[in-house]
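Peer 1: Would you mind keeping the following structure in view while I ask a few things?
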There are 2 protein chains.
Amino acid sequence: MSKTTLAVIAAVSAGAGAAATAAMYSMRSEKRLEAPQSTTATTSTTTTVTTTAKPPVPASQVFTPPTPPLPPAVTSGPVNPAGLFEYGFPGPVADLAHRSALISSFDRRTRNPHWVVEHITPASLSQRSGDRKNSAFLEDPSIPEKFRAKLNDYFRSGYDRGHQVPAADCKWSQKAMDDTFYLSNMCPQVGDGFNRDYWAHVEDFCRRLTQRYPSVRIVTGPLYLPRRDPADGKWYVKYEMIGNPPNVAVPTHFYKVIFAEEGDGPNAGGKVALGAFVLPNAPIPNEKPLSDFEVPIEAIERASGLEFASKLPVQRRKRLCAETNCSIVVKEYAERQKAFGQQSK
Amino acid sequence: MSKTTLAVIAAVSAGAGAAATAAMYSMRSEKRLEAPQSTTATTSTTTTVTTTAKPPVPASQVFTPPTPPLPPAVTSGPVNPAGLFEYGFPGPVADLAHRSALISSFDRRTRNPHWVVEHITPASLSQRSGDRKNSAFLEDPSIPEKFRAKLNDYFRSGYDRGHQVPAADCKWSQKAMDDTFYLSNMCPQVGDGFNRDYWAHVEDFCRRLTQRYPSVRIVTGPLYLPRRDPADGKWYVKYEMIGNPPNVAVPTHFYKVIFAEEGDGPNAGGKVALGAFVLPNAPIPNEKPLSDFEVPIEAIERASGLEFASKLPVQRRKRLCAETNCSIVVKEYAERQKAFGQQSK
């Protein structure tokens with residue numbers, strides 16, 4: 001495909017008249033990716049779906065959710081809106097990638113994940129055969145080129161390629177660590193004071209939970225929260241888009257929902273200590289207590305449009321920060337940093 | 001559920017330190033909806049899905065797409081990220097509603113539709129048994145309460161409840177017209193100069209296409225486009241959230257993708273004239289040519305994360321505005337307005 005430039009009528013002044021400016025959306029040429037891996041072939045699933053179905057797909061398969069059941073072709077009226085789907089179902093598609101270390105769901109509009117899920121245990125963290133020096137950041141070839149986050153989008157953007165599942169949680173194999181380096185596991189994050197500091201301390205907090213809990217599951221993702229403009233009293237969502245043309249949204253906040261399991265697994269019926277945190281994508285002083293960022297899970301659900309723990313009965317739930325000390329340990333992290341290199345850059 | 005107030009750590013100054021302000025997300029009490037209709041019962045579909053499957057569901061059924069096939073429970077490593085899904089799959093869910101007049105896909109994060117699909121023909125527009133005076137705006141009970149757009153969100157917001165599928169396209173029955181009044185078919189739209197003026201003229205342009213084409217399909221939806229800030233040269237997406245607490249996003253733009261079919265239907269193999277338009281959610285002077293807002297479909301795809309016409313072969317495509325005169329007719333609309341009342345308020 002040749003390099004064609006498309007003009008989209010973009011933003012407009014709020015006043016009278018339509019003073020439109022033009023945002024340029026370039027149709028970039030299809031690039032060959034460096035090192036496409038055999039584990040990331042896109043497959044189209046056309047399979048029987050029930051709420052309990054678990055098709056025997058390979059562990060590291062990348063798959064696209066099936067098209068939802070199409071509405072019937074015949075209606076009682078003179079029209080047939082569903083006929084449009086013969087030209088293709090518009091989506092949205094949330095590209096799911098199941099890699100050895102994580103499962104991610106990709107948002108084709110913001111070019112960030114909706115969420116990335118990981119699992120850590122004392123045993124998984126004790127194995128240290130992966131080294132981030134051997135890993136490289138990769139565009140995710142399982143996502144269609146036109147919706148993909150690009151390495152170039154981050155280049156000179158001023159933001160870190162911020163791991164959602166931290167590389168340091170996946171040292172149990174080089175491949176697991178490599179899995180965390182796809183851009184579908186990244187969001188643009190403020191580096192100094194956040195990704196390389198407070199956020200890294202929060203990631204360390206999650207790892208330390210394995211000293212108390214035999215199994216810890218963490219969902220991490222971006223948020224785009226409104227703030228009140230004191231000038232007019234109205235609420236606005238505002239976020240930067242990096243890339244040229246603008247391609248990847250810079251989240252205003254990040255969430256972590258933590259499931260610390262007392263039993264041996266999600267089906268064992270044990271208690272689960274739940275913690276939910278929302279942090280701004282901004283420098284945070286180390287003195288700030290982690291508990292300041294604790295929120296009810298429902299707040300993250302409303303802000304993200306997602307649902308967490310919808311199948312976890314209330315009687316199995318505990319509040320993580322009532323069970324354990326929710327605080328970061330900066331010193332310990334600094335030591336680790338010395339030993340293993342900066343963790344989340 | 002009692003009225004509980006939740007605090008989410010919200011936006012933060014870009015400078016040093018974490019000057020967080022608190023956004024209030026209230027857990028509103030579950031309200032009984034006025035006039036829930038029998039056509040809107042939520043059903044969970046667990047059915048065989050293939051690309052050609054058309055399960056025999058009732059014409060006006062509302063359904064939620066199935067959970068995607070869950071990744072396998074056993075991986076090759078020491079961890080099992082997919083175990084989290086035992087607590088519930090996070091989503092996102094795009095609530096699909098198939099009503100007699102339209103099909104809509106709802107975005108639980110912005111509380112607006114992703115898209116709404118309609119179908120008009122000379123015959124459907126010639127039947128005029130529905131009257132908007134008999135229709136009332138309704139919250140959509142098929143969407144979970146915590147993700148729903150509310151009538152109160154729009155109240156005194158300064159924005160119209162802007163139909164995506166216009167009421168005037170669905171006069172063929174009162175029920176069809178009523179179907180367009182669910183808030184899942186609405187977005188906040190600027191009233192004067194846009195929803196009540198230029199946008200209404202564009203809707204009229206679509207209807208006039210049936211004078212030439214026997215079948216016209218239209219996909220309509222919101223966009224949230226970045227604009228360049230001249231102060232720092234960076235691109236920002238900025239949009240208001242209406243409601244208290246803030247609940248529904250105010251799109252910066254709207255798109256229409258038009259499929260004008262020459263043949264008798266999408267499967268007849270005839271040519272399809274495609275038109276794609278992006279308009280700012282702002283006053284637009286009537287003198288502005290409609291062709292100024294024409295864009296390549298791919299521009300809307302990149303901006304929305306959706307895909308249109310992915311199954312329509314290139315050799316069947318024509319460019320609508322090369323085939324027909326893409327322009328609004330204000331006078332004719334003014335006459336219609338007189339005859340049938342304001343169309344899209």
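Chain labels run A, B, ... following the order of the structure tokens; each chain numbers its residues from 1, and ligands are numbered from 1 in the order shown.
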Within 6 Å of Arg108 of chain B, counting only C-alpha atoms, which residues show up once you throw out same-chain ones fewer than 3 positions away? Write them as a PyMOL selection string, please.
Peer 2: (chain A and resi 305) or (chain B and resi 111+147)
Peer 1: Write the residues you've just listed into a file as an mmCIF file, in the first residue's frame, and include C-alpha atoms for each of them.
Peer 2:
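Writing the result to result-v4.cif gives the following:
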```cif
data_model
loop_
_atom_site.group_PDB
_atom_site.id
_atom_site.type_symbol
_atom_site.label_atom_id
_atom_site.label_comp_id
_atom_site.auth_asym_id
_atom_site.auth_seq_id
_atom_site.Cartn_x
_atom_site.Cartn_y
_atom_site.Cartn_z
ATOM 1 C CA GLY A 305 -16.567 -0.068 31.447
ATOM 2 C CA ARG B 111 -21.903 5.528 27.660
ATOM 3 C CA PHE B 147 -22.941 1.500 32.598
#
```
Peer 1: Rank nothing, just name the residue among A:Phe308, A:Trp199, A:Phe194, A:Tyr154 nearest to chain B, using only C-alpha atoms.
Peer 2: A:Phe308
Peer 1: Show me, as a PDB file with N, CA and C atoms, in the first residue's frame, the residues that have an atom within 12 Å of segment 259-265 of chain B when counting only C-alpha atoms, minus same-chain residues fewer than 4 positions from it.
Peer 2:
```pdb
ATOM      1  N   ALA A  73     -31.882 -12.284   9.848  1.00  0.00           N
ATOM      2  CA  ALA A  73     -31.943 -11.531   8.599  1.00  0.00           C
ATOM      3  C   ALA A  73     -33.339 -10.987   8.329  1.00  0.00           C
ATOM      4  N   VAL A  79     -37.825  -3.159   6.660  1.00  0.00           N
ATOM      5  CA  VAL A  79     -36.373  -2.995   6.517  1.00  0.00           C
ATOM      6  C   VAL A  79     -35.626  -4.123   7.210  1.00  0.00           C
ATOM      7  N   ASN A  80     -34.357  -4.216   6.932  1.00  0.00           N
ATOM      8  CA  ASN A  80     -33.512  -5.268   7.489  1.00  0.00           C
ATOM      9  C   ASN A  80     -32.158  -4.694   7.867  1.00  0.00           C
ATOM     10  N   PRO A  81     -32.083  -4.024   9.029  1.00  0.00           N
ATOM     11  CA  PRO A  81     -30.811  -3.394   9.418  1.00  0.00           C
ATOM     12  C   PRO A  81     -29.648  -4.388   9.459  1.00  0.00           C
ATOM     13  N   ALA A  82     -29.931  -5.649   9.825  1.00  0.00           N
ATOM     14  CA  ALA A  82     -28.855  -6.631   9.975  1.00  0.00           C
ATOM     15  C   ALA A  82     -28.192  -6.986   8.652  1.00  0.00           C
ATOM     16  N   GLY A  83     -28.854  -6.638   7.537  1.00  0.00           N
ATOM     17  CA  GLY A  83     -28.250  -6.926   6.246  1.00  0.00           C
ATOM     18  C   GLY A  83     -26.887  -6.283   6.082  1.00  0.00           C
ATOM     19  N   LEU A  84     -26.664  -5.186   6.785  1.00  0.00           N
ATOM     20  CA  LEU A  84     -25.365  -4.508   6.667  1.00  0.00           C
ATOM     21  C   LEU A  84     -24.208  -5.427   7.032  1.00  0.00           C
ATOM     22  N   PHE A  85     -24.475  -6.370   7.954  1.00  0.00           N
ATOM     23  CA  PHE A  85     -23.382  -7.214   8.428  1.00  0.00           C
ATOM     24  C   PHE A  85     -22.851  -8.140   7.339  1.00  0.00           C
ATOM     25  N   GLU A  86     -23.603  -8.277   6.244  1.00  0.00           N
ATOM     26  CA  GLU A  86     -23.070  -9.029   5.107  1.00  0.00           C
ATOM     27  C   GLU A  86     -21.811  -8.358   4.556  1.00  0.00           C
ATOM     28  N   TYR A  87     -21.684  -7.076   4.791  1.00  0.00           N
ATOM     29  CA  TYR A  87     -20.487  -6.353   4.353  1.00  0.00           C
ATOM     30  C   TYR A  87     -19.369  -6.410   5.393  1.00  0.00           C
TER      31      TYR A  87
ATOM     32  N   VAL B 117     -26.876   0.993  13.399  1.00  0.00           N
ATOM     33  CA  VAL B 117     -27.096   0.623  12.004  1.00  0.00           C
ATOM     34  C   VAL B 117     -28.579   0.743  11.662  1.00  0.00           C
ATOM     35  N   GLU B 118     -28.856   1.309  10.493  1.00  0.00           N
ATOM     36  CA  GLU B 118     -30.243   1.380  10.035  1.00  0.00           C
ATOM     37  C   GLU B 118     -30.311   1.035   8.549  1.00  0.00           C
ATOM     38  N   HIS B 119     -31.535   0.921   8.069  1.00  0.00           N
ATOM     39  CA  HIS B 119     -31.795   0.543   6.694  1.00  0.00           C
ATOM     40  C   HIS B 119     -33.020   1.321   6.247  1.00  0.00           C
ATOM     41  N   ILE B 120     -32.913   2.056   5.157  1.00  0.00           N
ATOM     42  CA  ILE B 120     -34.082   2.774   4.631  1.00  0.00           C
ATOM     43  C   ILE B 120     -34.266   2.429   3.159  1.00  0.00           C
ATOM     44  N   THR B 121     -35.511   2.439   2.762  1.00  0.00           N
ATOM     45  CA  THR B 121     -35.881   2.159   1.365  1.00  0.00           C
ATOM     46  C   THR B 121     -36.993   3.136   0.973  1.00  0.00           C
ATOM     47  N   CYS B 206     -29.438  11.743   3.401  1.00  0.00           N
ATOM     48  CA  CYS B 206     -29.463  10.275   3.375  1.00  0.00           C
ATOM     49  C   CYS B 206     -30.823   9.765   2.878  1.00  0.00           C
ATOM     50  N   ARG B 207     -31.888  10.368   3.362  1.00  0.00           N
ATOM     51  CA  ARG B 207     -33.217   9.932   2.931  1.00  0.00           C
ATOM     52  C   ARG B 207     -33.407  10.180   1.439  1.00  0.00           C
ATOM     53  N   ARG B 208     -32.928  11.317   0.947  1.00  0.00           N
ATOM     54  CA  ARG B 208     -33.086  11.627  -0.474  1.00  0.00           C
ATOM     55  C   ARG B 208     -32.345  10.640  -1.371  1.00  0.00           C
ATOM     56  N   LEU B 209     -31.341   9.961  -0.801  1.00  0.00           N
ATOM     57  CA  LEU B 209     -30.631   8.959  -1.607  1.00  0.00           C
ATOM     58  C   LEU B 209     -31.566   7.854  -2.093  1.00  0.00           C
ATOM     59  N   THR B 210     -32.679   7.653  -1.360  1.00  0.00           N
ATOM     60  CA  THR B 210     -33.611   6.593  -1.778  1.00  0.00           C
ATOM     61  C   THR B 210     -34.350   6.971  -3.060  1.00  0.00           C
ATOM     62  N   GLN B 211     -34.226   8.210  -3.488  1.00  0.00           N
ATOM     63  CA  GLN B 211     -34.807   8.575  -4.792  1.00  0.00           C
ATOM     64  C   GLN B 211     -34.003   7.941  -5.922  1.00  0.00           C
ATOM     65  N   ARG B 212     -32.763   7.628  -5.638  1.00  0.00           N
ATOM     66  CA  ARG B 212     -31.902   7.051  -6.669  1.00  0.00           C
ATOM     67  C   ARG B 212     -31.589   5.579  -6.408  1.00  0.00           C
ATOM     68  N   TYR B 213     -31.441   5.242  -5.119  1.00  0.00           N
ATOM     69  CA  TYR B 213     -31.032   3.885  -4.763  1.00  0.00           C
ATOM     70  C   TYR B 213     -32.202   3.151  -4.102  1.00  0.00           C
ATOM     71  N   PRO B 214     -32.417   1.908  -4.468  1.00  0.00           N
ATOM     72  CA  PRO B 214     -33.567   1.178  -3.894  1.00  0.00           C
ATOM     73  C   PRO B 214     -33.375   0.790  -2.429  1.00  0.00           C
ATOM     74  N   SER B 215     -32.131   0.876  -1.945  1.00  0.00           N
ATOM     75  CA  SER B 215     -31.843   0.407  -0.588  1.00  0.00           C
ATOM     76  C   SER B 215     -30.614   1.158  -0.075  1.00  0.00           C
ATOM     77  N   VAL B 216     -30.776   1.780   1.076  1.00  0.00           N
ATOM     78  CA  VAL B 216     -29.669   2.557   1.649  1.00  0.00           C
ATOM     79  C   VAL B 216     -29.457   2.117   3.091  1.00  0.00           C
ATOM     80  N   ARG B 217     -28.214   1.768   3.402  1.00  0.00           N
ATOM     81  CA  ARG B 217     -27.850   1.362   4.770  1.00  0.00           C
ATOM     82  C   ARG B 217     -26.899   2.399   5.341  1.00  0.00           C
ATOM     83  N   ILE B 218     -27.110   2.753   6.589  1.00  0.00           N
ATOM     84  CA  ILE B 218     -26.320   3.835   7.192  1.00  0.00           C
ATOM     85  C   ILE B 218     -25.828   3.396   8.568  1.00  0.00           C
ATOM     86  N   VAL B 219     -24.529   3.582   8.801  1.00  0.00           N
ATOM     87  CA  VAL B 219     -23.939   3.373  10.126  1.00  0.00           C
ATOM     88  C   VAL B 219     -23.568   4.745  10.667  1.00  0.00           C
ATOM     89  N   THR B 220     -24.019   5.031  11.872  1.00  0.00           N
ATOM     90  CA  THR B 220     -23.783   6.344  12.473  1.00  0.00           C
ATOM     91  C   THR B 220     -23.178   6.162  13.856  1.00  0.00           C
ATOM     92  N   GLY B 269     -25.101  -9.000  -5.078  1.00  0.00           N
ATOM     93  CA  GLY B 269     -23.876  -8.857  -5.860  1.00  0.00           C
ATOM     94  C   GLY B 269     -23.784  -7.578  -6.652  1.00  0.00           C
ATOM     95  N   GLY B 270     -24.736  -6.666  -6.458  1.00  0.00           N
ATOM     96  CA  GLY B 270     -24.718  -5.404  -7.197  1.00  0.00           C
ATOM     97  C   GLY B 270     -23.658  -4.460  -6.663  1.00  0.00           C
ATOM     98  N   LYS B 271     -23.533  -3.341  -7.343  1.00  0.00           N
ATOM     99  CA  LYS B 271     -22.591  -2.319  -6.918  1.00  0.00           C
ATOM    100  C   LYS B 271     -23.129  -1.615  -5.679  1.00  0.00           C
ATOM    101  N   VAL B 272     -22.202  -1.124  -4.872  1.00  0.00           N
ATOM    102  CA  VAL B 272     -22.558  -0.385  -3.666  1.00  0.00           C
ATOM    103  C   VAL B 272     -21.813   0.948  -3.682  1.00  0.00           C
ATOM    104  N   ALA B 273     -22.556   2.028  -3.624  1.00  0.00           N
ATOM    105  CA  ALA B 273     -21.934   3.355  -3.566  1.00  0.00           C
ATOM    106  C   ALA B 273     -21.666   3.700  -2.106  1.00  0.00           C
ATOM    107  N   LEU B 274     -20.397   3.907  -1.777  1.00  0.00           N
ATOM    108  CA  LEU B 274     -19.999   4.142  -0.394  1.00  0.00           C
ATOM    109  C   LEU B 274     -19.685   5.614  -0.167  1.00  0.00           C
ATOM    110  N   GLY B 275     -20.224   6.119   0.904  1.00  0.00           N
ATOM    111  CA  GLY B 275     -19.899   7.488   1.301  1.00  0.00           C
ATOM    112  C   GLY B 275     -19.560   7.516   2.780  1.00  0.00           C
ATOM    113  N   ALA B 276     -18.559   8.295   3.156  1.00  0.00           N
ATOM    114  CA  ALA B 276     -18.171   8.385   4.566  1.00  0.00           C
ATOM    115  C   ALA B 276     -17.974   9.852   4.912  1.00  0.00           C
ATOM    116  N   PHE B 277     -18.559  10.245   6.015  1.00  0.00           N
ATOM    117  CA  PHE B 277     -18.534  11.659   6.406  1.00  0.00           C
ATOM    118  C   PHE B 277     -18.206  11.774   7.889  1.00  0.00           C
ATOM    119  N   ILE B 297     -13.146   5.953   4.158  1.00  0.00           N
ATOM    120  CA  ILE B 297     -13.661   5.104   5.233  1.00  0.00           C
ATOM    121  C   ILE B 297     -12.560   4.741   6.217  1.00  0.00           C
ATOM    122  N   PHE B 308     -15.445  -1.122   8.613  1.00  0.00           N
ATOM    123  CA  PHE B 308     -16.660  -1.089   7.810  1.00  0.00           C
ATOM    124  C   PHE B 308     -16.356  -1.709   6.447  1.00  0.00           C
ATOM    125  N   ALA B 309     -17.294  -2.460   5.956  1.00  0.00           N
ATOM    126  CA  ALA B 309     -17.194  -2.965   4.585  1.00  0.00           C
ATOM    127  C   ALA B 309     -16.000  -3.885   4.372  1.00  0.00           C
ATOM    128  N   LEU B 312     -16.716  -6.354   1.702  1.00  0.00           N
ATOM    129  CA  LEU B 312     -17.237  -5.879   0.415  1.00  0.00           C
ATOM    130  C   LEU B 312     -16.084  -5.779  -0.591  1.00  0.00           C
ATOM    131  N   ARG B 316     -16.907  -4.227  -6.249  1.00  0.00           N
ATOM    132  CA  ARG B 316     -18.327  -3.875  -6.086  1.00  0.00           C
ATOM    133  C   ARG B 316     -18.501  -2.449  -5.565  1.00  0.00           C
ATOM    134  N   ARG B 317     -17.416  -1.798  -5.231  1.00  0.00           N
ATOM    135  CA  ARG B 317     -17.523  -0.483  -4.603  1.00  0.00           C
ATOM    136  C   ARG B 317     -17.525   0.652  -5.619  1.00  0.00           C
ATOM    137  N   LYS B 318     -18.332   1.653  -5.343  1.00  0.00           N
ATOM    138  CA  LYS B 318     -18.274   2.925  -6.053  1.00  0.00           C
ATOM    139  C   LYS B 318     -18.166   4.023  -5.004  1.00  0.00           C
ATOM    140  N   ARG B 319     -17.817   5.203  -5.470  1.00  0.00           N
ATOM    141  CA  ARG B 319     -17.756   6.324  -4.531  1.00  0.00           C
ATOM    142  C   ARG B 319     -19.048   7.114  -4.651  1.00  0.00           C
ATOM    143  N   LEU B 320     -19.774   7.159  -3.549  1.00  0.00           N
ATOM    144  CA  LEU B 320     -21.093   7.786  -3.558  1.00  0.00           C
ATOM    145  C   LEU B 320     -21.058   9.193  -4.150  1.00  0.00           C
ATOM    146  N   CYS B 321     -20.116   9.987  -3.714  1.00  0.00           N
ATOM    147  CA  CYS B 321     -20.112  11.398  -4.123  1.00  0.00           C
ATOM    148  C   CYS B 321     -19.622  11.594  -5.553  1.00  0.00           C
ATOM    149  N   GLU B 323     -21.014   9.470  -7.749  1.00  0.00           N
ATOM    150  CA  GLU B 323     -22.227   8.962  -8.402  1.00  0.00           C
ATOM    151  C   GLU B 323     -23.396   9.927  -8.286  1.00  0.00           C
ATOM    152  N   THR B 324     -23.404  10.636  -7.184  1.00  0.00           N
ATOM    153  CA  THR B 324     -24.556  11.485  -6.892  1.00  0.00           C
ATOM    154  C   THR B 324     -24.064  12.800  -6.300  1.00  0.00           C
TER     155      THR B 324
END
```
Peer 1: Using Å and a single decimal, report how far atom CA of Glu298 of chain B sits from atom CA of Ser310 of chain B.
Peer 2: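 The value is 10.4 Å.
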Peer 1: From the DSSP assignment of the backbone, select every residue of segment 49-240 of chain A that is strand (DSSP E), and format the answer as a PyMOL selection string.
Peer 2: chain A and resi 62-64+94-98+103-107+112-120+160-163+186-189+215-223+226-228+235-240
Peer 1: If DSSP is run on the backbone, what residues of segment 143-321 of chain B are helix (DSSP H, G or I)? A reply as a ChimeraX atom specification would be ideal.
Peer 2: /B:145-147,151-154,167-169,174-179,183-185,191-211,290-293,297-304,314-316,320-321
Peer 1: Which one of B:Val314, B:Met177, B:Val202, B:Leu183 sits closest to Glu139 of chain B if you count only C-alpha atoms?
Peer 2: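 Counting only C-alpha atoms, the residue closest to Glu139 of chain B is B:Leu183.
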Peer 1: From the set A:Ala167, A:Leu138, A:Ala322, A:Ala176, which residue has the shortest atom-to-atom contact distance to chain B, counting only C-alpha atoms?
Peer 2: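 Closest candidate: A:Ala176.
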Peer 1: Contacts of Pro144 of chain B at 10 Å or less, counting only C-alpha atoms, minus same-chain residues fewer than 4 places along, as number ranges by chain?
Peer 2: B: 42, 95, 108, 140, 148-149
Peer 1: For Ser104 of chain B, list every protein, DNA or RNA residue within 10 Å, evaluated using only C-alpha atoms, and leave out those in the same chain fewer than 3 positions away; present the list as a count of residues only.
Peer 2: 22
Peer 1: Just how far from atom CA of Val190 of chain A is atom CA of Pro283 of chain A, in Å to one decimal?
Peer 2: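 If I compute the distance from atom CA of Pro283 of chain A to atom CA of Val190 of chain A, I get 7.2 Å.
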Peer 1: Expressed in Å to a single decimal, how great is the separation between atom CA of Leu102 of chain A and atom CA of Glu203 of chain A?
Peer 2: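 Atom CA of Leu102 of chain A sits 15.1 Å away from atom CA of Glu203 of chain A.
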Peer 1: Quick one: residues within 8 Å of Pro251 of chain B, only C-alpha atoms, excluding same-chain residues fewer than 5 positions away - as a PDB file with N, CA, C and O atoms, in the first residue's frame?
Peer 2:
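Heads up, here's the output in out_19.pdb:
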```
ATOM      1  N   CYS B 187     -26.464  10.361  21.438  1.00  0.00           N
ATOM      2  CA  CYS B 187     -25.228  10.955  21.951  1.00  0.00           C
ATOM      3  C   CYS B 187     -25.542  12.412  22.279  1.00  0.00           C
ATOM      4  O   CYS B 187     -26.419  13.011  21.650  1.00  0.00           O
ATOM      5  N   PRO B 188     -24.777  12.979  23.209  1.00  0.00           N
ATOM      6  CA  PRO B 188     -24.944  14.423  23.435  1.00  0.00           C
ATOM      7  C   PRO B 188     -24.495  15.183  22.189  1.00  0.00           C
ATOM      8  O   PRO B 188     -23.367  15.019  21.728  1.00  0.00           O
ATOM      9  N   GLN B 189     -25.399  15.974  21.639  1.00  0.00           N
ATOM     10  CA  GLN B 189     -25.080  16.754  20.443  1.00  0.00           C
ATOM     11  C   GLN B 189     -25.400  18.227  20.673  1.00  0.00           C
ATOM     12  O   GLN B 189     -26.384  18.567  21.336  1.00  0.00           O
ATOM     13  N   PRO B 222     -20.313   8.090  17.164  1.00  0.00           N
ATOM     14  CA  PRO B 222     -19.496   9.188  17.679  1.00  0.00           C
ATOM     15  C   PRO B 222     -18.006   8.951  17.452  1.00  0.00           C
ATOM     16  O   PRO B 222     -17.554   7.816  17.323  1.00  0.00           O
ATOM     17  N   LEU B 223     -17.253  10.030  17.446  1.00  0.00           N
ATOM     18  CA  LEU B 223     -15.791   9.973  17.418  1.00  0.00           C
ATOM     19  C   LEU B 223     -15.242  10.906  18.499  1.00  0.00           C
ATOM     20  O   LEU B 223     -15.920  11.850  18.922  1.00  0.00           O
ATOM     21  N   TYR B 224     -14.032  10.602  18.900  1.00  0.00           N
ATOM     22  CA  TYR B 224     -13.345  11.412  19.903  1.00  0.00           C
ATOM     23  C   TYR B 224     -11.970  11.714  19.321  1.00  0.00           C
ATOM     24  O   TYR B 224     -11.024  10.957  19.523  1.00  0.00           O
ATOM     25  N   TYR B 239     -12.754  15.941  25.669  1.00  0.00           N
ATOM     26  CA  TYR B 239     -14.212  15.965  25.544  1.00  0.00           C
ATOM     27  C   TYR B 239     -14.844  16.100  26.915  1.00  0.00           C
ATOM     28  O   TYR B 239     -14.294  15.665  27.923  1.00  0.00           O
ATOM     29  N   GLU B 240     -16.006  16.732  26.915  1.00  0.00           N
ATOM     30  CA  GLU B 240     -16.746  16.922  28.158  1.00  0.00           C
ATOM     31  C   GLU B 240     -17.434  15.624  28.571  1.00  0.00           C
ATOM     32  O   GLU B 240     -17.706  14.749  27.738  1.00  0.00           O
ATOM     33  N   ASN B 281     -18.978  18.097  16.201  1.00  0.00           N
ATOM     34  CA  ASN B 281     -20.134  18.316  17.079  1.00  0.00           C
ATOM     35  C   ASN B 281     -20.165  19.787  17.470  1.00  0.00           C
ATOM     36  O   ASN B 281     -19.849  20.161  18.603  1.00  0.00           O
TER      37      ASN B 281
END
```
